Protein chains: 2
Amino acid sequence: MPKEVKSLVNDGEKEEDLLHGKLKIIQKIEGYRFSVDPLLLTNFVQINEGESVIDLGTGSAVMPLILSERSKAKKIVGLEIQKEMIDMAGRSIKLNRLNKKIEIVECDIRKVKDKYATETFDVVISNPPYIPVKNGKINPQEEKAIARHEIMANLEDVVLAAKHLLIPNGNLFLVYPANRAVDLLQTLRTNGLEPKQIKFVHSNDNSAAKLTLVKAVKNGNPELKVLKPLYIYTLEGDYTDEASAILENGKDAL
Amino acid sequence: MPKEVKSLVNDGEKEEDLLHGKLKIIQKIEGYRFSVDPLLLTNFVQINEGESVIDLGTGSAVMPLILSERSKAKKIVGLEIQKEMIDMAGRSIKLNRLNKKIEIVECDIRKVKDKYATETFDVVISNPPYIPVKNGKINPQEEKAIARHEIMANLEDVVLAAKHLLIPNGNLFLVYPANRAVDLLQTLRTNGLEPKQIKFVHSNDNSAAKLTLVKAVKNGNPELKVLKPLYIYTLEGDYTDEASAILENGKDAL
């Protein structure tokens with residue numbers, strides 16, 4: 001590997017495989033690392049050829065990277081507020097020579113109106129923080145805390161940003177905890193983003209759902225399609241075939 | 001069978017088996033007949049010993065009849081607005097000698113406040129009409145139309161009635177079309193009946209959900225449990241074991 005590329009990876013970071021080595025992603029060795037959520041969400045999203053996509057709170061840019069390969073999006077923006085993550089994500093984009101397709105933009109989700117005019121994107125995606133700040137311990141590593149806790153943004157901030165950014169009939173795709181599905185559906189509808197498809201993710205066939213994947217359409221008509229659920233494990237504890245195919249895409253970097 | 005009992009069944013009606021013949025139900029031969037919905041809902045409800053239960057829009061009283069056998073409820077009220085159904089349901093109660101346990105009450109769901117004080121029941125159940133009046137053809141048989149279309153009551157009427165009737169922390173159990181799950185969850189939460197458990201019913205493992213079974217708790221904390229779904233058919237077209245066990249209870253009368 002040429003020395004110039006090698007130098008994109010800083011101390012305490014590691015270059016890891018995505019999509020079976022088609023792409024590389026730089027992640028911290030310790031600290032915030034992506035979970036299964038973005039792998040599940042990128043598998044769930046529907047993006048048509050030539051569409052513009054924005055990921056609200058992109059972190060290491062794992063979703064823009066995967067979608068640059070797995071969709072025909074024209075342009076993918078990763079919005080992020082944490083300077084260190086922006087820097088690292090930017091180097092991952094360079095590493096994959098995807099600078100023309102993916103742009104990492106420094107912006108607070110609550111301030112997208114200052115950065116973008118309304119109706120600028122065809123598709124918005126996000127894996128929003130979901131742990132209320134009052135609950136549980138705040139992660140001492142600030143990056144993890146911001147990614148998981150509602151410190152810099154909560155679900156409503158993400159939905160309001162999506163409402164501003166999306167074209168009429170544009171699509172919003174979110175992953176969110178299943179035990180907060182009522183908050184999710186109500187926040188979407190209240191803000192004119194009508195939930196149209198929902199898919200629950202269960203650990204196995206005997207367990208309550210852990211995650212909700214949802215597609216909402218700006219100003220869509222009320223009519224929800226509850227898709228067949230996804231099970232991650234068989235009752236024997238192996239990955240199901242469906243989960244395996246999805247999680248394989250990032251397994252080296254999980 | 002003694003002549004006196006036989007005479008409870010009118011012309012155009014038939015006495016049919018419920019719960020493998022443990023109970024009898026009188027239904028019209030033509031006209032409104034119960035569907036799988038009440039069988040699914042009575043399987044889903046949780047009723048503790050000694051609780052009082054009210055079924056809003058009880059029709060032929062199929063749910064009170066099943067629950068008189070399958071629960072330890074102290075008292076079950078079936079509320080109904082249609083005189084002919086009240087009469088027929090009353091005769092089914094007599095036929096089973098359940099007059100002490102089940103009471104059929106003539107009342108408009110929108111007027112329960114005139115009939116009952118607030119906080120009168122531990123549990124409310126309902127299979128509300130769900131077809132908006134503006135959509136589709138109205139069933140020419142008025143009983144079918146009232147049971148299925150939002151003519152005499154809609155979801156919100158049922159939820160408002162439940163809000164009035166339930167004790168604090170009392171439970172409401174509903175079955176409703178899955179494609180209207182957002183309406184369902186939002187209407188419940190907006191009226192202080194927090195959705196706590198939800199179970200989707202799919203035709204088979206490859207299809208989107210048809211029905212939603214939901215448990216809401218009056219003034220409950222927001223925290224939803226998305227239970228494993230129920231599949232009615234195998235991919236080969238047979239009943240699944242789980243569905244078979246539930247639907248067997250009313251198969252002779254379906």
# chains A, B, ... in the order shown; residues from 1 in each chain; ligands from 1
>>> interface_residues(of="chain A", to="chain B", cutoff="9 Å", atoms="only C-alpha atoms", output="ChimeraX atom specification")
/A:178-183,185-186,189,194-196,200,202,204-210,222-229
>>> write_last_selection(atoms="N, CA, C and O atoms", output="CSV table (one decimal), in the first residue's frame")
chain,number,residue,atom,x,y,z
A,178,ALA,N,-37.1,-0.8,19.7
A,178,ALA,CA,-38.5,-1.2,19.6
A,178,ALA,C,-39.3,-0.8,20.8
A,178,ALA,O,-40.5,-0.5,20.6
A,179,ASN,N,-38.7,-0.7,21.9
A,179,ASN,CA,-39.5,-0.3,23.1
A,179,ASN,C,-39.9,1.1,23.1
A,179,ASN,O,-40.7,1.6,23.9
A,180,ARG,N,-39.4,1.9,22.1
A,180,ARG,CA,-39.8,3.3,22.0
A,180,ARG,C,-40.6,3.5,20.6
A,180,ARG,O,-40.6,4.6,20.1
A,181,ALA,N,-41.1,2.4,20.1
A,181,ALA,CA,-41.8,2.5,18.8
A,181,ALA,C,-43.0,3.5,18.8
A,181,ALA,O,-43.3,4.1,17.8
A,182,VAL,N,-43.7,3.6,20.0
A,182,VAL,CA,-44.8,4.6,20.0
A,182,VAL,C,-44.3,6.0,19.9
A,182,VAL,O,-44.8,6.8,19.1
A,183,ASP,N,-43.2,6.3,20.6
A,183,ASP,CA,-42.6,7.7,20.5
A,183,ASP,C,-42.2,7.9,19.0
A,183,ASP,O,-42.4,9.0,18.4
A,185,LEU,N,-43.3,6.5,16.1
A,185,LEU,CA,-44.4,6.6,15.2
A,185,LEU,C,-45.1,7.9,15.4
A,185,LEU,O,-45.5,8.6,14.5
A,186,GLN,N,-45.3,8.3,16.7
A,186,GLN,CA,-46.0,9.5,17.0
A,186,GLN,C,-45.2,10.7,16.6
A,186,GLN,O,-45.8,11.7,16.0
A,189,ARG,N,-45.5,11.0,12.7
A,189,ARG,CA,-46.7,11.5,12.2
A,189,ARG,C,-47.0,13.0,12.6
A,189,ARG,O,-47.4,13.7,11.7
A,194,GLU,N,-45.1,10.6,7.5
A,194,GLU,CA,-46.1,9.5,7.8
A,194,GLU,C,-45.3,8.1,7.7
A,194,GLU,O,-44.8,7.8,6.7
A,195,PRO,N,-45.4,7.3,8.8
A,195,PRO,CA,-44.8,6.0,8.8
A,195,PRO,C,-45.5,5.1,7.7
A,195,PRO,O,-46.7,4.9,7.8
A,196,LYS,N,-44.8,4.6,6.8
A,196,LYS,CA,-45.4,3.8,5.7
A,196,LYS,C,-44.9,2.3,5.8
A,196,LYS,O,-45.7,1.4,5.4
A,200,PHE,N,-39.7,-5.0,12.4
A,200,PHE,CA,-39.1,-5.2,13.7
A,200,PHE,C,-38.0,-6.2,13.6
A,200,PHE,O,-38.1,-7.1,12.9
A,202,HIS,N,-36.0,-8.9,15.8
A,202,HIS,CA,-36.0,-9.7,17.1
A,202,HIS,C,-34.7,-10.4,17.2
A,202,HIS,O,-34.1,-10.8,16.2
A,204,ASN,N,-34.4,-13.4,18.6
A,204,ASN,CA,-34.7,-14.7,18.0
A,204,ASN,C,-36.3,-14.8,18.0
A,204,ASN,O,-37.0,-13.9,18.4
A,205,ASP,N,-36.7,-16.0,17.5
A,205,ASP,CA,-38.1,-16.2,17.3
A,205,ASP,C,-38.9,-16.2,18.6
A,205,ASP,O,-40.1,-16.2,18.6
A,206,ASN,N,-38.2,-16.3,19.7
A,206,ASN,CA,-38.9,-16.4,21.0
A,206,ASN,C,-38.9,-15.1,21.8
A,206,ASN,O,-39.3,-15.0,23.0
A,207,SER,N,-38.3,-14.0,21.2
A,207,SER,CA,-38.1,-12.9,22.0
A,207,SER,C,-38.8,-11.7,21.5
A,207,SER,O,-39.1,-11.6,20.3
A,208,ALA,N,-39.1,-10.7,22.4
A,208,ALA,CA,-39.7,-9.4,21.9
A,208,ALA,C,-38.7,-8.7,21.0
A,208,ALA,O,-37.5,-9.0,21.1
A,209,ALA,N,-39.2,-7.8,20.3
A,209,ALA,CA,-38.3,-7.1,19.3
A,209,ALA,C,-37.4,-6.1,20.0
A,209,ALA,O,-37.7,-5.6,21.1
A,210,LYS,N,-36.2,-6.0,19.5
A,210,LYS,CA,-35.2,-5.1,20.0
A,210,LYS,C,-35.2,-3.8,19.3
A,210,LYS,O,-35.0,-2.7,19.9
A,222,PRO,N,-51.8,8.1,5.5
A,222,PRO,CA,-51.7,7.1,6.5
A,222,PRO,C,-52.1,5.7,6.0
A,222,PRO,O,-53.2,5.5,5.6
A,223,GLU,N,-51.1,4.8,6.1
A,223,GLU,CA,-51.4,3.4,5.6
A,223,GLU,C,-50.0,2.7,5.9
A,223,GLU,O,-49.1,2.9,5.2
A,224,LEU,N,-50.0,2.0,7.0
A,224,LEU,CA,-48.7,1.4,7.4
A,224,LEU,C,-48.6,-0.1,7.0
A,224,LEU,O,-49.6,-0.8,7.1
A,225,LYS,N,-47.5,-0.4,6.4
A,225,LYS,CA,-47.2,-1.8,6.1
A,225,LYS,C,-46.3,-2.4,7.2
A,225,LYS,O,-45.1,-1.9,7.3
A,226,VAL,N,-46.7,-3.4,7.9
A,226,VAL,CA,-45.9,-4.0,8.9
A,226,VAL,C,-45.2,-5.2,8.3
A,226,VAL,O,-45.9,-6.2,8.1
A,227,LEU,N,-44.0,-5.1,7.9
A,227,LEU,CA,-43.3,-6.1,7.2
A,227,LEU,C,-42.9,-7.3,8.1
A,227,LEU,O,-43.0,-7.2,9.3
A,228,LYS,N,-42.6,-8.4,7.4
A,228,LYS,CA,-42.2,-9.6,8.2
A,228,LYS,C,-41.0,-9.2,9.0
A,228,LYS,O,-40.1,-8.5,8.5
A,229,PRO,N,-40.9,-9.7,10.3
A,229,PRO,CA,-39.8,-9.3,11.1
A,229,PRO,C,-38.5,-10.0,10.7
A,229,PRO,O,-38.5,-10.9,9.9
>>> residues_around(residues="Thr42 of chain B", least_positions_apart="6", cutoff="8 Å", atoms="only C-alpha atoms", output="PyMOL selection string")
chain B and resi 63+66-67
>>> atom_distance(atom1="atom CA of Gly170 of chain B", atom2="atom CA of Asn154 of chain B")
21.0 Å
>>> atom_distance(atom1="atom CA of Glu69 of chain A", atom2="atom CA of Asn48 of chain A")
13.2 Å
>>> atom_distance(atom1="atom CA of Gly237 of chain A", atom2="atom CA of Leu254 of chain A")
18.2 Å
>>> select_by_dssp(residues="segment 52-94 of chain A", states="strand (DSSP E)", output="count of residues only")
11
>>> residues_around(residues="Thr118 of chain A", least_positions_apart="6", cutoff="8 Å", atoms="only C-alpha atoms", output="list in words")
His164, Leu165, Leu166 and Ile167 of chain A
>>> write_last_selection(atoms="C-alpha atoms", output="JSON list (two decimals), in the first residue's frame")
[["chain", "number", "residue", "atom", "x", "y", "z"],
["A", 164, "HIS", "CA", -36.84, 20.50, 6.65],
["A", 165, "LEU", "CA", -34.41, 18.68, 4.37],
["A", 166, "LEU", "CA", -36.72, 16.32, 2.46],
["A", 167, "ILE", "CA", -38.43, 17.08, -0.81]]
>>> select_by_dssp(residues="segment 130-230 of chain A", states="helix (DSSP H, G or I)", output="number ranges by chain")
A: 142-148, 155-165, 178-190
>>> write_last_selection(atoms="C-alpha atoms", output="tab-separated table (two decimals), in the first residue's frame")
chain	number	residue	atom	x	y	z
A	142	GLU	CA	-17.68	11.39	25.12
A	143	GLU	CA	-18.00	10.09	21.54
A	144	LYS	CA	-19.90	7.03	22.68
A	145	ALA	CA	-22.09	9.18	24.90
A	146	ILE	CA	-23.00	11.56	22.10
A	147	ALA	CA	-23.75	8.72	19.69
A	148	ARG	CA	-26.00	6.91	22.15
A	155	LEU	CA	-35.44	11.76	17.98
A	156	GLU	CA	-37.50	14.90	17.58
A	157	ASP	CA	-34.45	16.92	16.47
A	158	VAL	CA	-33.71	14.29	13.81
A	159	VAL	CA	-37.32	14.23	12.62
A	160	LEU	CA	-37.54	18.03	12.49
A	161	ALA	CA	-34.28	18.15	10.50
A	162	ALA	CA	-35.63	15.51	8.10
A	163	LYS	CA	-38.86	17.45	7.68
A	164	HIS	CA	-36.84	20.50	6.65
A	165	LEU	CA	-34.41	18.68	4.37
A	178	ALA	CA	-38.50	-1.22	19.57
A	179	ASN	CA	-39.55	-0.35	23.12
A	180	ARG	CA	-39.82	3.26	21.96
A	181	ALA	CA	-41.81	2.51	18.81
A	182	VAL	CA	-44.78	4.58	20.02
A	183	ASP	CA	-42.55	7.65	20.46
A	184	LEU	CA	-41.10	6.97	17.03
A	185	LEU	CA	-44.40	6.62	15.19
A	186	GLN	CA	-46.04	9.51	16.98
A	187	THR	CA	-43.09	11.88	16.47
A	188	LEU	CA	-43.03	11.01	12.78
A	189	ARG	CA	-46.74	11.49	12.18
A	190	THR	CA	-46.96	14.66	14.28
>>> closest_residue(among="A:Val36, A:Leu65, A:Met152, A:Met88", to="Ile232 of chain A", atoms="only C-alpha atoms")
A:Val36
>>> residues_around(residues="Asn10 of chain A", least_positions_apart="3", cutoff="10 Å", atoms="only C-alpha atoms", output="list in words")
Lys6, Ser7, Glu13, Lys14, Glu15, Ile26, Gln27, Lys28, Met88 and Arg91 of chain A
>>> write_last_selection(atoms="N, CA, C and O atoms", output="tab-separated table (two decimals), in the first residue's frame")
chain	number	residue	atom	x	y	z
A	6	LYS	N	-1.48	4.94	3.64
A	6	LYS	CA	-1.24	4.37	4.96
A	6	LYS	C	-1.33	5.46	6.04
A	6	LYS	O	-1.88	5.24	7.11
A	7	SER	N	-0.85	6.62	5.71
A	7	SER	CA	-0.76	7.68	6.70
A	7	SER	C	-2.13	8.28	7.06
A	7	SER	O	-2.21	9.12	7.94
A	13	GLU	N	-6.12	4.09	15.95
A	13	GLU	CA	-7.16	3.77	14.97
A	13	GLU	C	-6.76	2.53	14.20
A	13	GLU	O	-5.60	2.11	14.21
A	14	LYS	N	-7.72	1.98	13.48
A	14	LYS	CA	-7.43	0.79	12.69
A	14	LYS	C	-8.25	0.87	11.40
A	14	LYS	O	-9.38	1.37	11.40
A	15	GLU	N	-7.64	0.38	10.33
A	15	GLU	CA	-8.34	0.32	9.04
A	15	GLU	C	-8.99	-1.05	8.97
A	15	GLU	O	-8.32	-2.07	9.12
A	26	ILE	N	-12.06	3.48	8.72
A	26	ILE	CA	-11.17	3.74	9.85
A	26	ILE	C	-12.02	3.84	11.11
A	26	ILE	O	-13.01	4.57	11.14
A	27	GLN	N	-11.66	3.07	12.11
A	27	GLN	CA	-12.35	3.15	13.39
A	27	GLN	C	-11.33	3.24	14.51
A	27	GLN	O	-10.19	2.77	14.37
A	28	LYS	N	-11.76	3.82	15.61
A	28	LYS	CA	-10.97	3.76	16.83
A	28	LYS	C	-10.84	2.31	17.27
A	28	LYS	O	-11.79	1.53	17.14
A	88	MET	N	-11.96	11.79	11.19
A	88	MET	CA	-11.73	10.36	10.92
A	88	MET	C	-12.58	9.89	9.75
A	88	MET	O	-12.11	9.16	8.87
A	91	ARG	N	-11.13	10.97	6.52
A	91	ARG	CA	-10.00	10.14	6.08
A	91	ARG	C	-10.46	8.79	5.53
A	91	ARG	O	-9.87	8.25	4.59
>>> closest_residue(among="A:Gly90, A:Gly57, A:Pro38, A:Gly21", to="Arg110 of chain A", atoms="only C-alpha atoms")
A:Gly57
>>> residues_around(residues="Pro64 of chain B", least_positions_apart="4", cutoff="10 Å", atoms="only C-alpha atoms", output="list in words")
Pro38, Thr42, Val53, Ile54, Asp55, Thr58, Ser60, Ser68, Glu69, Arg70, Ser71, Ala73, Lys75, Ile76, Val77, Gly78, Ala89, Ile93, Leu98, Lys101, Ile102, Glu103, Ile104 and Ile125 of chain B
>>> closest_residue(among="B:Ile81, B:Gly31, B:Thr120, B:Leu230", to="Leu213 of chain B", atoms="only C-alpha atoms")
B:Leu230
>>> residues_around(residues="Glu16 of chain A", least_positions_apart="2", cutoff="6 Å", atoms="only C-alpha atoms", output="PyMOL selection string")
chain A and resi 24-25+253
>>> closest_residue(among="B:Arg97, B:Lys83, B:Lys72, B:His20", to="Gln46 of chain B", atoms="only C-alpha atoms")
B:Lys72
>>> residues_around(residues="Pro168 of chain B", least_positions_apart="4", cutoff="8 Å", atoms="only C-alpha atoms", output="PyMOL selection string")
chain B and resi 119+218-219
>>> decode(residues="segment 71-112 of chain A", atoms="N, CA and C atoms", output="CSV table (one decimal), in the first residue's frame")
chain,number,residue,atom,x,y,z
A,71,SER,N,-25.9,1.4,-3.3
A,71,SER,CA,-27.1,2.1,-3.9
A,71,SER,C,-26.6,2.8,-5.1
A,72,LYS,N,-27.5,3.4,-5.8
A,72,LYS,CA,-27.1,4.2,-7.0
A,72,LYS,C,-27.3,5.7,-6.7
A,73,ALA,N,-27.2,6.0,-5.4
A,73,ALA,CA,-27.3,7.5,-5.0
A,73,ALA,C,-26.3,8.3,-5.7
A,74,LYS,N,-26.7,9.5,-6.1
A,74,LYS,CA,-25.8,10.4,-6.8
A,74,LYS,C,-24.8,11.0,-5.8
A,75,LYS,N,-25.3,11.4,-4.7
A,75,LYS,CA,-24.5,12.1,-3.7
A,75,LYS,C,-25.0,11.7,-2.3
A,76,ILE,N,-24.0,11.5,-1.4
A,76,ILE,CA,-24.3,11.2,-0.1
A,76,ILE,C,-23.6,12.1,0.9
A,77,VAL,N,-24.4,12.8,1.7
A,77,VAL,CA,-23.8,13.7,2.7
A,77,VAL,C,-23.9,13.0,4.1
A,78,GLY,N,-22.8,13.1,4.8
A,78,GLY,CA,-22.8,12.6,6.2
A,78,GLY,C,-22.6,13.8,7.1
A,79,LEU,N,-23.7,14.1,7.9
A,79,LEU,CA,-23.7,15.2,8.8
A,79,LEU,C,-23.2,14.8,10.1
A,80,GLU,N,-22.3,15.6,10.7
A,80,GLU,CA,-21.7,15.1,12.0
A,80,GLU,C,-21.3,16.4,12.8
A,81,ILE,N,-21.4,16.3,14.1
A,81,ILE,CA,-21.1,17.4,14.9
A,81,ILE,C,-19.7,17.3,15.6
A,82,GLN,N,-19.2,16.1,15.8
A,82,GLN,CA,-18.0,15.9,16.6
A,82,GLN,C,-16.8,16.0,15.7
A,83,LYS,N,-16.0,17.0,16.0
A,83,LYS,CA,-14.8,17.3,15.1
A,83,LYS,C,-13.9,16.1,14.9
A,84,GLU,N,-13.7,15.3,15.9
A,84,GLU,CA,-12.7,14.2,15.8
A,84,GLU,C,-13.3,13.1,14.9
A,85,MET,N,-14.7,12.9,14.9
A,85,MET,CA,-15.3,11.9,14.1
A,85,MET,C,-15.3,12.4,12.6
A,86,ILE,N,-15.6,13.7,12.5
A,86,ILE,CA,-15.6,14.3,11.1
A,86,ILE,C,-14.2,14.1,10.4
A,87,ASP,N,-13.2,14.3,11.2
A,87,ASP,CA,-11.8,14.1,10.7
A,87,ASP,C,-11.6,12.7,10.3
A,88,MET,N,-12.0,11.8,11.2
A,88,MET,CA,-11.7,10.4,10.9
A,88,MET,C,-12.6,9.9,9.7
A,89,ALA,N,-13.9,10.3,9.7
A,89,ALA,CA,-14.7,9.9,8.6
A,89,ALA,C,-14.2,10.5,7.3
A,90,GLY,N,-13.7,11.7,7.3
A,90,GLY,CA,-13.1,12.3,6.1
A,90,GLY,C,-11.9,11.5,5.6
A,91,ARG,N,-11.1,11.0,6.5
A,91,ARG,CA,-10.0,10.1,6.1
A,91,ARG,C,-10.5,8.8,5.5
A,92,SER,N,-11.6,8.2,6.1
A,92,SER,CA,-12.1,7.0,5.5
A,92,SER,C,-12.6,7.2,4.1
A,93,ILE,N,-13.2,8.4,3.8
A,93,ILE,CA,-13.7,8.7,2.5
A,93,ILE,C,-12.5,8.8,1.5
A,94,LYS,N,-11.4,9.5,2.0
A,94,LYS,CA,-10.2,9.6,1.1
A,94,LYS,C,-9.6,8.2,0.9
A,95,LEU,N,-9.6,7.4,1.9
A,95,LEU,CA,-9.0,6.1,1.8
A,95,LEU,C,-9.6,5.3,0.7
A,96,ASN,N,-11.0,5.5,0.5
A,96,ASN,CA,-11.7,4.8,-0.5
A,96,ASN,C,-11.9,5.5,-1.8
A,97,ARG,N,-11.2,6.7,-1.8
A,97,ARG,CA,-11.3,7.6,-3.0
A,97,ARG,C,-12.8,7.9,-3.4
A,98,LEU,N,-13.6,8.2,-2.4
A,98,LEU,CA,-15.0,8.4,-2.6
A,98,LEU,C,-15.3,9.9,-2.4
A,99,ASN,N,-14.3,10.8,-2.5
A,99,ASN,CA,-14.6,12.2,-2.2
A,99,ASN,C,-15.6,12.8,-3.1
A,100,LYS,N,-15.8,12.3,-4.3
A,100,LYS,CA,-16.7,12.9,-5.2
A,100,LYS,C,-18.2,12.5,-4.9
A,101,LYS,N,-18.3,11.3,-4.2
A,101,LYS,CA,-19.6,10.8,-3.9
A,101,LYS,C,-20.1,11.1,-2.5
A,102,ILE,N,-19.2,11.1,-1.6
A,102,ILE,CA,-19.5,11.3,-0.2
A,102,ILE,C,-18.9,12.6,0.3
A,103,GLU,N,-19.7,13.4,1.0
A,103,GLU,CA,-19.2,14.6,1.6
A,103,GLU,C,-19.6,14.6,3.1
A,104,ILE,N,-18.5,14.8,3.9
A,104,ILE,CA,-18.8,14.9,5.4
A,104,ILE,C,-18.9,16.4,5.7
A,105,VAL,N,-20.0,16.7,6.4
A,105,VAL,CA,-20.3,18.1,6.7
A,105,VAL,C,-20.4,18.3,8.2
A,106,GLU,N,-19.7,19.3,8.7
A,106,GLU,CA,-19.8,19.6,10.1
A,106,GLU,C,-21.1,20.4,10.4
A,107,CYS,N,-22.0,19.9,11.1
A,107,CYS,CA,-23.2,20.6,11.4
A,107,CYS,C,-24.0,20.0,12.6
A,108,ASP,N,-24.6,20.8,13.4
A,108,ASP,CA,-25.5,20.3,14.4
A,108,ASP,C,-26.8,20.0,13.8
A,109,ILE,N,-27.3,18.8,14.1
A,109,ILE,CA,-28.6,18.3,13.6
A,109,ILE,C,-29.7,19.4,13.8
A,110,ARG,N,-29.6,20.1,15.0
A,110,ARG,CA,-30.6,21.1,15.3
A,110,ARG,C,-30.5,22.4,14.5
A,111,LYS,N,-29.4,22.4,13.7
A,111,LYS,CA,-29.2,23.7,13.0
A,111,LYS,C,-29.1,23.5,11.5
A,112,VAL,N,-29.7,22.4,10.9
A,112,VAL,CA,-29.6,22.1,9.5
A,112,VAL,C,-30.2,23.3,8.7
